[in-house]
$ cat protein-v2.cif   # mmCIF, C-alpha atoms and all ligand atoms
data_entry
#
loop_
_atom_site.label_atom_id
_atom_site.label_comp_id
_atom_site.auth_asym_id
_atom_site.auth_seq_id
_atom_site.Cartn_x
_atom_site.Cartn_y
_atom_site.Cartn_z
CA MET A 232 118.91 120.75 147.53
CA SER A 233 120.02 117.09 147.42
CA LEU A 234 120.61 115.11 144.21
CA LEU A 235 117.41 113.19 144.94
CA ASN A 236 115.54 116.46 145.15
CA ASP A 237 117.17 117.68 141.90
CA LEU A 238 116.03 114.55 140.05
CA THR A 239 112.54 114.43 141.42
CA GLY A 240 111.95 118.13 141.57
CA ALA A 241 110.89 117.36 145.11
CA ASP A 242 111.21 119.61 147.98
CA SER A 243 110.80 118.80 151.59
CA ALA A 244 107.07 118.05 151.02
CA LEU A 245 107.73 114.66 149.30
CA SER A 246 107.81 111.52 151.46
CA PRO A 247 110.62 108.97 150.74
CA ARG A 248 107.97 106.59 149.23
CA ALA A 249 106.60 109.26 146.88
CA ALA A 250 110.14 110.24 145.83
CA CYS A 251 110.92 106.59 145.15
CA LEU A 252 107.76 106.20 143.01
CA ARG A 253 108.61 109.33 141.06
CA LEU A 254 112.18 108.09 140.44
CA THR A 255 110.82 104.74 139.19
CA ALA A 256 108.53 106.60 136.77
CA ILE A 257 111.45 108.71 135.49
CA GLY A 258 113.55 105.54 135.11
CA ALA A 259 110.77 103.85 133.12
CA LEU A 260 110.49 106.91 130.85
CA VAL A 261 114.24 106.98 130.18
CA ALA A 262 114.31 103.20 129.55
CA GLY A 263 111.31 103.51 127.22
CA THR A 264 112.89 106.33 125.22
CA THR A 265 116.23 104.50 124.97
CA GLY A 266 114.35 101.35 123.90
CA ALA A 267 112.48 103.27 121.21
CA PHE A 268 115.76 104.64 119.83
CA ALA A 269 117.36 101.18 119.98
CA TYR A 270 114.35 99.71 118.15
CA ALA A 271 114.40 102.41 115.49
CA GLY A 272 118.17 102.00 115.06
CA GLY A 273 117.83 98.22 114.66
CA TRP A 274 120.02 97.42 117.70
CA LEU A 275 117.39 95.09 119.17
CA SER A 276 117.15 93.01 116.01
CA PRO A 277 120.64 92.72 114.48
CA GLY A 278 119.37 90.09 111.99
CA ASP A 279 116.71 92.40 110.53
CA LEU A 280 117.33 94.37 107.35
CA THR A 281 117.46 97.97 108.56
CA GLN A 282 118.31 101.16 106.69
CA ALA A 283 121.66 101.18 108.52
CA ARG A 284 122.53 97.70 107.26
CA ILE A 285 121.54 98.63 103.70
CA VAL A 286 123.76 101.72 103.77
CA ASP A 287 126.57 99.72 105.44
CA ARG A 288 126.42 97.38 102.46
CA PHE A 289 126.85 100.26 99.99
CA GLU A 290 129.94 101.26 101.98
CA GLN A 291 131.21 97.67 102.04
CA VAL A 292 130.87 97.37 98.26
CA ASN A 293 132.08 100.85 97.23
CA GLY A 294 134.53 101.74 99.95
CA PRO A 295 134.37 104.94 102.00
CA HIS A 296 133.59 108.19 100.15
CA PRO A 297 132.80 110.67 102.92
CA GLY A 298 130.41 113.46 102.09
CA PHE A 299 128.97 111.74 99.00
CA ARG A 300 125.68 109.96 98.38
CA ARG A 301 126.06 106.23 99.05
CA ASN A 302 124.42 105.56 95.68
CA HIS A 303 124.24 107.77 92.59
CA ALA A 304 127.36 109.42 94.01
CA LYS A 305 128.51 111.29 90.86
CA GLY A 306 126.12 114.02 89.83
CA LEU A 307 125.42 117.55 88.63
CA CYS A 308 122.76 120.00 89.83
CA LEU A 309 120.17 121.52 87.53
CA ALA A 310 117.36 124.09 87.58
CA GLY A 311 114.45 125.10 85.41
CA ARG A 312 110.67 124.89 85.35
CA PHE A 313 107.72 122.58 84.69
CA GLU A 314 105.00 123.80 82.33
CA SER A 315 101.73 121.95 82.82
CA SER A 316 99.66 120.88 79.80
CA GLY A 317 96.56 120.73 82.00
CA ARG A 318 96.02 117.08 81.02
CA GLY A 319 96.98 115.73 84.46
CA ALA A 320 94.33 117.79 86.28
CA GLY A 321 91.57 115.20 85.66
CA VAL A 322 93.49 112.43 87.45
CA SER A 323 95.35 114.30 90.20
CA THR A 324 94.59 117.34 92.31
CA ALA A 325 98.34 118.13 92.60
CA SER A 326 98.49 121.86 91.98
CA LEU A 327 101.38 121.61 89.49
CA PHE A 328 99.02 119.87 87.01
CA GLY A 329 96.64 122.86 86.81
CA THR A 330 96.12 124.32 83.33
CA GLY A 331 98.75 126.94 82.52
CA ARG A 332 100.59 126.34 85.78
CA VAL A 333 104.39 126.91 85.75
CA THR A 334 106.33 125.35 88.65
CA PRO A 335 110.01 126.06 89.39
CA ILE A 336 112.18 122.95 89.62
CA THR A 337 115.65 122.09 90.83
CA GLY A 338 117.23 118.67 90.48
CA ARG A 339 120.19 116.48 89.78
CA ILE A 340 121.41 114.18 87.01
CA ALA A 341 123.63 111.35 88.22
CA LEU A 342 125.18 107.98 87.50
CA ALA A 343 124.13 105.00 89.62
CA GLY A 344 126.76 103.46 91.88
CA GLY A 345 128.65 104.60 94.91
CA GLN A 346 131.85 105.80 93.17
CA PRO A 347 131.93 109.62 93.00
CA TYR A 348 135.10 109.73 90.87
CA ALA A 349 134.41 106.86 88.43
CA ALA A 350 134.81 107.72 84.76
CA ASP A 351 131.51 108.04 82.87
CA ALA A 352 130.59 104.87 81.00
CA ALA A 353 127.78 104.60 78.46
CA THR A 354 126.26 101.52 80.09
CA THR A 355 126.11 102.87 83.66
CA VAL A 356 122.52 103.50 84.75
CA ARG A 357 121.71 107.24 84.56
CA SER A 358 119.26 109.11 86.75
CA LEU A 359 117.19 112.28 86.79
CA ALA A 360 116.02 113.49 90.21
CA LEU A 361 113.64 116.46 90.38
CA ARG A 362 112.24 118.68 93.07
CA PHE A 363 109.10 120.62 92.14
CA HIS A 364 108.72 123.75 94.27
CA LEU A 365 104.97 124.20 94.68
CA PRO A 366 103.29 127.16 96.41
CA ASP A 367 103.30 127.40 100.21
CA GLY A 368 106.42 125.26 100.64
CA GLU A 369 104.77 122.11 99.25
CA GLU A 370 107.18 119.87 97.30
CA TRP A 371 107.31 116.88 95.02
CA ARG A 372 110.63 115.01 94.98
CA THR A 373 111.16 112.24 92.49
CA GLY A 374 114.16 110.08 91.51
CA ASN A 375 114.02 108.32 88.13
CA ASN A 376 116.31 105.88 86.34
CA ASP A 377 116.90 105.22 82.62
CA ILE A 378 116.03 101.52 82.75
CA PRO A 379 112.71 99.88 81.77
CA VAL A 380 112.21 98.00 85.08
CA PHE A 381 114.06 97.80 88.41
CA PRO A 382 116.38 94.79 88.89
CA VAL A 383 114.82 93.69 92.23
CA ARG A 384 111.37 93.74 93.77
CA SER A 385 112.20 93.74 97.51
CA PRO A 386 114.65 95.49 99.86
CA GLU A 387 116.11 92.07 100.67
CA GLY A 388 116.70 91.47 96.95
CA PHE A 389 118.47 94.83 96.67
CA TYR A 390 120.69 94.07 99.66
CA THR A 391 121.67 90.62 98.37
CA GLN A 392 122.21 91.82 94.81
CA LEU A 393 124.57 94.60 95.91
CA LEU A 394 127.03 92.03 97.23
CA ALA A 395 126.50 89.51 94.42
CA ALA A 396 127.28 92.22 91.82
CA LYS A 397 130.36 93.55 93.67
CA PRO A 398 133.32 93.56 91.24
CA ASP A 399 136.07 91.10 92.12
CA PRO A 400 139.27 93.20 92.56
CA ALA A 401 141.24 90.59 90.57
CA THR A 402 139.05 90.69 87.44
CA GLY A 403 137.14 93.95 87.83
CA ARG A 404 133.94 91.96 87.19
CA PRO A 405 131.39 90.35 89.53
CA ASP A 406 131.97 86.74 90.52
CA PRO A 407 129.86 84.74 87.99
CA GLU A 408 129.05 82.08 90.60
CA ALA A 409 127.71 84.68 93.06
CA LEU A 410 125.54 86.21 90.32
CA LYS A 411 124.28 82.77 89.27
CA ALA A 412 123.26 81.98 92.85
CA PHE A 413 121.51 85.37 93.16
CA PHE A 414 119.48 84.89 89.96
CA ALA A 415 118.59 81.30 90.93
CA ALA A 416 117.14 82.60 94.20
CA HIS A 417 115.49 85.64 92.49
CA PRO A 418 114.04 84.50 89.13
CA GLU A 419 112.12 87.82 88.84
CA SER A 420 115.50 89.59 88.80
CA ALA A 421 116.80 87.32 86.04
CA LYS A 422 113.83 88.38 83.87
CA ALA A 423 114.31 92.05 84.74
CA ALA A 424 118.05 91.83 83.98
CA SER A 425 117.34 90.64 80.44
CA LEU A 426 114.94 93.58 79.85
CA ILE A 427 117.52 96.01 81.25
CA LYS A 428 120.29 94.54 79.10
CA ALA A 429 118.15 94.85 75.96
CA ARG A 430 117.49 98.59 76.45
CA THR A 431 118.66 101.18 73.93
CA ILE A 432 121.62 103.11 75.26
CA THR A 433 121.40 106.71 74.10
CA SER A 434 124.20 109.22 73.53
CA GLY A 435 123.69 111.04 76.84
CA PHE A 436 121.40 112.44 79.51
CA ALA A 437 119.57 114.88 77.22
CA ASP A 438 118.16 112.23 74.84
CA ASP A 439 117.45 109.60 77.51
CA THR A 440 114.14 108.49 79.08
CA PHE A 441 113.93 108.36 82.89
CA ARG A 442 111.29 106.27 84.67
CA SER A 443 109.74 106.19 88.15
CA LEU A 444 109.80 102.37 88.04
CA ASN A 445 107.88 102.25 91.32
CA ALA A 446 104.10 102.69 91.14
CA PHE A 447 102.28 105.56 92.85
CA ARG A 448 98.62 106.61 93.01
CA PHE A 449 97.07 109.80 91.68
CA ILE A 450 94.04 111.12 93.56
CA ALA A 451 91.41 113.03 91.54
CA ALA A 452 89.10 115.74 92.85
CA ASP A 453 86.23 113.21 93.19
CA GLY A 454 88.52 110.88 95.22
CA THR A 455 89.22 108.41 92.38
CA ARG A 456 92.58 106.70 92.93
CA THR A 457 94.50 105.69 89.80
CA PRO A 458 97.67 103.57 89.94
CA VAL A 459 100.37 105.30 87.90
CA ARG A 460 103.95 105.03 86.77
CA TRP A 461 105.60 107.90 84.94
CA ALA A 462 108.46 108.62 82.57
CA PHE A 463 110.37 111.75 81.57
CA VAL A 464 110.57 111.38 77.77
CA PRO A 465 113.10 113.58 75.95
CA GLU A 466 112.02 116.03 73.29
CA GLN A 467 115.42 115.53 71.64
CA VAL A 468 115.47 112.55 69.26
CA ALA A 469 117.48 109.73 70.83
CA THR A 470 120.67 108.70 69.10
CA ALA A 471 123.30 106.09 69.94
CA GLU A 472 126.70 107.03 71.35
CA SER A 473 128.91 108.17 68.45
CA PRO A 474 132.43 106.77 67.88
CA ALA A 475 133.80 110.33 68.38
CA GLN A 476 132.08 110.52 71.76
CA ARG A 477 133.39 107.08 72.73
CA SER A 478 136.99 107.97 71.92
CA ARG A 479 137.02 111.32 73.75
CA ALA A 480 139.49 111.36 76.63
CA ASP A 481 137.04 112.99 79.05
CA GLU A 482 136.15 111.17 82.26
CA ASN A 483 133.02 113.35 82.59
CA VAL A 484 131.94 113.09 78.97
CA LEU A 485 128.22 112.52 79.77
CA PHE A 486 128.00 115.39 82.25
CA ASP A 487 130.06 117.75 80.07
CA ASP A 488 127.85 117.02 77.06
CA PHE A 489 124.75 117.73 79.14
CA GLU A 490 126.14 121.03 80.34
CA SER A 491 127.03 122.03 76.75
CA ALA A 492 123.53 121.05 75.59
CA VAL A 493 121.91 123.25 78.28
CA ARG A 494 124.17 126.16 77.32
CA ARG A 495 123.04 125.88 73.69
CA ALA A 496 119.31 125.67 74.53
CA PRO A 497 117.14 124.48 77.42
CA VAL A 498 116.82 120.67 77.56
CA ARG A 499 113.21 119.44 77.62
CA TRP A 500 111.46 116.27 78.73
CA HIS A 501 107.73 115.47 78.66
CA LEU A 502 106.27 114.02 81.82
CA VAL A 503 104.25 111.07 80.52
CA VAL A 504 102.03 109.38 83.10
CA THR A 505 100.87 105.81 82.46
CA LEU A 506 97.49 104.92 83.96
CA GLY A 507 97.40 101.41 85.44
CA GLN A 508 94.47 99.01 85.23
CA PRO A 509 93.26 96.57 87.88
CA GLY A 510 95.71 93.68 87.98
CA ASP A 511 98.75 95.70 86.86
CA PRO A 512 101.54 95.02 89.35
CA THR A 513 101.98 97.97 91.73
CA ALA A 514 104.14 96.12 94.25
CA ASP A 515 106.67 94.61 91.86
CA ALA A 516 109.02 97.04 90.08
CA THR A 517 110.66 94.19 88.14
CA ARG A 518 107.51 93.74 86.02
CA PRO A 519 106.56 96.10 83.18
CA TRP A 520 102.95 97.14 82.64
CA PRO A 521 101.26 96.20 79.35
CA VAL A 522 102.41 98.57 76.58
CA GLU A 523 98.82 99.37 75.49
CA ARG A 524 98.02 101.22 78.72
CA GLN A 525 96.71 104.77 78.30
CA SER A 526 99.20 107.52 79.01
CA LEU A 527 98.91 111.27 79.44
CA ASP A 528 101.48 113.93 78.55
CA VAL A 529 100.92 116.13 81.60
CA GLY A 530 103.55 118.77 80.90
CA THR A 531 107.14 119.65 80.06
CA VAL A 532 110.24 119.81 82.22
CA ILE A 533 112.57 122.52 80.92
CA VAL A 534 116.12 122.53 82.26
CA ALA A 535 117.76 125.92 81.73
CA ASP A 536 120.81 125.77 84.01
CA THR A 537 123.37 123.46 85.60
CA GLN A 538 125.75 123.87 88.52
CA SER A 539 128.39 121.71 90.24
CA GLU A 540 127.37 120.29 93.59
CA ALA A 541 128.10 122.78 96.35
CA ASP A 542 126.91 124.06 99.70
CA GLY A 543 123.15 124.38 99.79
CA ASN A 544 122.29 123.23 96.24
CA CYS A 545 121.18 119.73 95.13
CA ARG A 546 124.11 118.22 97.01
CA ASP A 547 122.33 118.79 100.30
CA VAL A 548 118.98 117.33 99.27
CA ASN A 549 117.48 113.92 99.91
CA PHE A 550 115.32 112.97 96.90
CA ASP A 551 113.06 110.86 99.10
CA PRO A 552 110.42 109.36 96.75
CA LEU A 553 107.75 109.73 99.44
CA VAL A 554 107.96 113.53 99.56
CA LEU A 555 104.75 113.99 97.56
CA PRO A 556 102.28 116.83 97.06
CA ALA A 557 98.57 116.50 97.88
CA GLY A 558 97.06 114.55 94.96
CA ILE A 559 99.87 111.95 94.72
CA VAL A 560 100.40 109.12 97.23
CA GLY A 561 102.67 106.08 97.42
CA SER A 562 101.57 102.55 96.45
CA ASP A 563 101.96 99.16 98.12
CA ASP A 564 105.41 98.78 96.52
CA PRO A 565 107.76 97.70 99.36
CA LEU A 566 110.69 99.46 97.69
CA LEU A 567 109.19 102.88 98.40
CA SER A 568 109.44 102.82 102.18
CA ALA A 569 112.83 101.06 101.95
CA ARG A 570 114.09 103.83 99.66
CA SER A 571 112.75 106.52 101.96
CA ALA A 572 114.50 104.98 104.98
CA ALA A 573 117.81 104.24 103.18
CA TYR A 574 118.01 107.71 101.59
CA ALA A 575 117.49 109.30 105.01
CA GLN A 576 120.29 107.14 106.42
CA SER A 577 122.64 107.98 103.54
CA PHE A 578 121.72 111.67 103.87
CA THR A 579 122.31 111.72 107.64
CA ARG A 580 125.73 110.11 107.27
CA ARG A 581 126.92 112.34 104.43
CA ALA A 582 125.55 115.53 105.97
CA GLY A 583 127.84 115.03 108.97
CA GLU A 584 130.98 114.33 106.94
CA PRO A 585 133.67 116.62 105.46
CA LYS A 586 133.14 117.47 101.80
CA THR A 587 135.45 117.09 98.79
CA PRO A 588 134.57 118.69 95.45
CA SER A 589 132.57 116.67 92.96
CA ALA A 590 134.43 115.26 89.95
CA VAL A 591 131.97 117.23 87.83
CA GLN A 592 133.19 120.82 87.99
CA ASN A 593 131.09 122.72 85.52
CA THR A 594 130.57 126.44 85.20
CA PRO A 595 126.94 127.47 85.49
CA ALA A 596 125.35 129.05 82.45
CA THR A 597 123.79 131.76 84.61
CA GLY A 598 123.84 130.34 88.14
CA ALA A 599 120.24 131.48 88.50
CA GLY A 600 117.67 129.46 90.34
CA LEU A 601 120.04 126.98 91.97
C1 LIG B 1 115.42 99.18 98.05
C2 LIG B 1 115.74 99.79 96.93
C3 LIG B 1 116.66 100.99 96.86
C4 LIG B 1 117.66 101.40 97.72
C5 LIG B 1 118.11 100.74 99.02
C6 LIG B 1 118.24 102.61 97.18
C7 LIG B 1 119.26 103.34 97.76
C8 LIG B 1 119.68 104.60 97.39
C9 LIG B 1 120.54 105.48 98.15
C10 LIG B 1 121.15 105.13 99.50
C11 LIG B 1 120.67 106.64 97.47
C12 LIG B 1 121.45 107.89 97.90
C13 LIG B 1 120.47 108.82 98.65
C14 LIG B 1 121.09 110.11 99.20
O1 LIG B 1 122.15 110.07 99.87
O2 LIG B 1 120.47 111.18 98.99
C15 LIG B 1 119.92 106.49 96.24
C16 LIG B 1 119.83 107.44 95.27
C17 LIG B 1 118.98 107.32 94.18
N1 LIG B 1 118.12 106.28 93.87
FE1 LIG B 1 117.84 104.62 94.92
N2 LIG B 1 117.60 102.93 96.00
C18 LIG B 1 116.63 101.96 95.78
C19 LIG B 1 115.75 101.88 94.72
C20 LIG B 1 115.62 102.82 93.76
C21 LIG B 1 114.61 102.80 92.73
C22 LIG B 1 113.50 101.75 92.55
C23 LIG B 1 114.79 103.90 91.98
C24 LIG B 1 113.90 104.24 90.82
C25 LIG B 1 114.08 105.04 89.91
C26 LIG B 1 115.94 104.64 92.54
C27 LIG B 1 116.46 105.84 92.08
C28 LIG B 1 117.43 106.59 92.71
C29 LIG B 1 117.88 107.88 92.23
C30 LIG B 1 117.39 108.60 90.98
C31 LIG B 1 118.85 108.33 93.15
C32 LIG B 1 119.68 109.61 93.05
C33 LIG B 1 118.92 110.78 93.61
C34 LIG B 1 119.86 111.97 93.66
O3 LIG B 1 120.33 112.41 92.59
O4 LIG B 1 120.11 112.41 94.76
N3 LIG B 1 116.41 103.95 93.63
N4 LIG B 1 119.32 105.25 96.20
#
$ encode --input "protein-v2.cif" --output "structure tokens"
Amino acid sequence: MSLLNDLTGADSALSPRAACLRLTAIGALVAGTTGAFAYAGGWLSPGDLTQARIVDRFEQVNGPHPGFRRNHAKGLCLAGRFESSGRGAGVSTASLFGTGRVTPITGRIALAGGQPYAADAATTVRSLALRFHLPDGEEWRTGNNDIPVFPVRSPEGFYTQLLAAKPDPATGRPDPEALKAFFAAHPESAKAASLIKARTITSGFADDTFRSLNAFRFIAADGTRTPVRWAFVPEQVATAESPAQRSRADENVLFDDFESAVRRAPVRWHLVVTLGQPGDPTADATRPWPVERQSLDVGTVIVADTQSEADGNCRDVNFDPLVLPAGIVGSDDPLLSARSAAYAQSFTRRAGEPKTPSAVQNTPATGAGL
């Protein structure tokens, strides 16, 4: 059979004109598919802000750290369960909110920034990412930070801020002029920065509060949609960093303290859901909601175990904020889809790279459930 016949699947029955038409159709299909990939990859619009450009910027600012998350690079895996109080069932049909329901969880605590071997510092933003394992393979993945609001309200703001806040190698601090120009162009970020700066810095992960910052919507059984934001509020009373803690020569002091706390007794947070009212900003994570909004304590997260990042545990998970169970949906916040796209890009790059051990090498209490 000739090459033409191989390509067209034709045999002697096809006329030269029909073979030519079929080849043109195949060519159009190939060009269309290539075009779709080029479009999705951002090659047709190099000026647009794509997930690839966002992740390139993390690499530009932090340097190459193959195998690690491009943000929140230093972390520790955890496991436990969520015990529902039943109080969320009236606002969301998500099965984990059912009365008496216990849902296994895995997750990760981490420090923001793209430096996997940086020493822990009290002021670095801390995070709590959780994965709720619901029946029938359904999941809820959520990443939460310990700040009251997010510093930017748009993906463009995030991209610009990353560079403006890049430490100058000479001083170790961001260039004040670059930061001034960023805040002048993003007044909402200047307001958010003052709220973030004024936050209480607690002694560690276990007594810290972690917030969704982005808004979502809960869907009730009768179809009612309620805008929500949530927070994981510690059961442990928050205290400030002690002088003894500050002077300890341990680069992983925050992670080590968390691991010791879990070994002593499970660490618990309440999942407190704030119900938004019409007019509360759902598409601007730099703005807090009024403090008098009603909130519901929908259950308790109980962390019973920790484990260093390794093959197949939380290291190889993408805590995409749009992986949601039935009963929870995203909002009109533009950060949500940008996060989803950027996390996928970061995940794809790191998944294909060689791995080096995490700086946080802790021994699991039991190793169970991770
Ligand atoms: C446009 C805005 C944002 C961008 C581009 C961005 C980017 C990223 C990237 C690239 C990662 C690493 C993902 C991976 O490799 O798995 C990450 C992790 C994370 N981000 Fe964001 N982020 C954004 C906004 C936010 C917001 C609003 C929050 C709110 C709490 C947040 C919380 C987190 C957390 C908790 C993690 C760590 C999850 C883990 O432990 O794996 N991010 N972010």
$ closest_residue --input "protein-v2.cif" --among "A:Glu290, A:Asp367, A:Glu523, A:Asp542" --to "ligand LIG 1 (chain B)" --atoms "all atoms listed in the file"
A:Glu290
$ residues_around --input "protein-v2.cif" --residues "Ala350 of chain A" --least-positions-apart "6" --cutoff "9 Å" --atoms "only C-alpha atoms" --output "compact mmCIF listing (two decimals) with C-alpha atoms, keeping the file's coordinate frame"
# COMPACT_ATOMS: atom_id res chain seq x y z
CA ASP A 481 137.04 112.99 79.05
CA GLU A 482 136.15 111.17 82.26
CA ASN A 483 133.02 113.35 82.59
CA VAL A 484 131.94 113.09 78.97
$ closest_atom_pairs --input "protein-v2.cif" --of "chain A" --to "ligand LIG 1 (chain B)" --cutoff "6 Å" --atoms "only C-alpha atoms and all ligand atoms" --output "CSV"
residue,atom,partner,partner_atom,distance
A:Arg300,CA,B:LIG1,O1,3.8
A:Arg301,CA,B:LIG1,C12,5.0
A:Asn302,CA,B:LIG1,C11,4.3
A:His303,CA,B:LIG1,C32,4.9
A:Arg339,CA,B:LIG1,O3,4.9
A:Ile340,CA,B:LIG1,O3,6.0
A:Ala341,CA,B:LIG1,O3,5.6
A:Ser358,CA,B:LIG1,C30,4.7
A:Leu359,CA,B:LIG1,C30,5.6
A:Ala360,CA,B:LIG1,O3,5.0
A:Gly374,CA,B:LIG1,C30,3.6
A:Asn375,CA,B:LIG1,C25,3.7
A:Asn376,CA,B:LIG1,C25,4.3
A:Phe381,CA,B:LIG1,C22,5.7
A:Pro386,CA,B:LIG1,C1,4.2
A:Phe389,CA,B:LIG1,C1,5.5
A:Ser443,CA,B:LIG1,C25,4.8
A:Leu444,CA,B:LIG1,C24,5.3
A:Asn445,CA,B:LIG1,C22,5.8
A:Asn549,CA,B:LIG1,O2,4.2
A:Phe550,CA,B:LIG1,O4,5.3
A:Leu566,CA,B:LIG1,C1,4.8
A:Ala569,CA,B:LIG1,C1,5.0
A:Arg570,CA,B:LIG1,C4,4.7
A:Ala573,CA,B:LIG1,C10,5.0
A:Tyr574,CA,B:LIG1,C13,4.0
A:Ser577,CA,B:LIG1,O1,4.3
A:Phe578,CA,B:LIG1,O1,4.3
$ residues_around --input "protein-v2.cif" --residues "Ala416 of chain A" --least-positions-apart "4" --cutoff "12 Å" --atoms "all atoms listed in the file" --output "PDB file with C-alpha atoms, keeping the file's coordinate frame"
ATOM      1  CA  VAL A 383     114.820  93.690  92.230  1.00  0.00           C
ATOM      2  CA  GLU A 387     116.110  92.070 100.670  1.00  0.00           C
ATOM      3  CA  GLY A 388     116.700  91.470  96.950  1.00  0.00           C
ATOM      4  CA  THR A 391     121.670  90.620  98.370  1.00  0.00           C
ATOM      5  CA  GLN A 392     122.210  91.820  94.810  1.00  0.00           C
ATOM      6  CA  ALA A 395     126.500  89.510  94.420  1.00  0.00           C
ATOM      7  CA  ALA A 409     127.710  84.680  93.060  1.00  0.00           C
ATOM      8  CA  LEU A 410     125.540  86.210  90.320  1.00  0.00           C
ATOM      9  CA  LYS A 411     124.280  82.770  89.270  1.00  0.00           C
ATOM     10  CA  ALA A 412     123.260  81.980  92.850  1.00  0.00           C
ATOM     11  CA  SER A 420     115.500  89.590  88.800  1.00  0.00           C
ATOM     12  CA  ALA A 421     116.800  87.320  86.040  1.00  0.00           C
TER      13      ALA A 421
END
$ closest_residue --input "protein-v2.cif" --among "A:Ala452, A:Ala462, A:Cys545, A:Ala396" --to "Ile378 of chain A" --atoms "only C-alpha atoms"
A:Ala462
$ residues_near_point --input "protein-v2.cif" --point "(98.5, 96.2, 90.8)" --cutoff "10 Å" --atoms "all atoms listed in the file" --output "compact mmCIF listing (two decimals) with C-alpha atoms, in the coordinates of the input"
# COMPACT_ATOMS: atom_id res chain seq x y z
CA ALA A 446 104.10 102.69 91.14
CA PRO A 458 97.67 103.57 89.94
CA VAL A 459 100.37 105.30 87.90
CA GLY A 507 97.40 101.41 85.44
CA GLN A 508 94.47 99.01 85.23
CA PRO A 509 93.26 96.57 87.88
CA GLY A 510 95.71 93.68 87.98
CA ASP A 511 98.75 95.70 86.86
CA PRO A 512 101.54 95.02 89.35
CA THR A 513 101.98 97.97 91.73
CA ALA A 514 104.14 96.12 94.25
CA ASP A 515 106.67 94.61 91.86
CA TRP A 520 102.95 97.14 82.64
CA SER A 562 101.57 102.55 96.45
CA ASP A 563 101.96 99.16 98.12
CA ASP A 564 105.41 98.78 96.52
$ closest_atom_pairs --input "protein-v2.cif" --of "segment 510-530 of chain A" --to "segment 314-327 of chain A" --cutoff "9 Å" --atoms "all atoms listed in the file" --output "Markdown table"
| residue | atom | partner | partner_atom | distance |
| --- | --- | --- | --- | --- |
| A:Leu527 | CA | A:Arg318 | CA | 6.7 |
| A:Asp528 | CA | A:Arg318 | CA | 6.8 |
| A:Val529 | CA | A:Gly319 | CA | 4.9 |
| A:Gly530 | CA | A:Ser315 | CA | 4.1 |
$ write_last_selection --input "protein-v2.cif" --atoms "C-alpha atoms" --output "mmCIF file, in the coordinates of the input"
data_model
loop_
_atom_site.group_PDB
_atom_site.id
_atom_site.type_symbol
_atom_site.label_atom_id
_atom_site.label_comp_id
_atom_site.auth_asym_id
_atom_site.auth_seq_id
_atom_site.Cartn_x
_atom_site.Cartn_y
_atom_site.Cartn_z
ATOM 1 C CA LEU A 527 98.910 111.270 79.440
ATOM 2 C CA ASP A 528 101.480 113.930 78.550
ATOM 3 C CA VAL A 529 100.920 116.130 81.600
ATOM 4 C CA GLY A 530 103.550 118.770 80.900
#
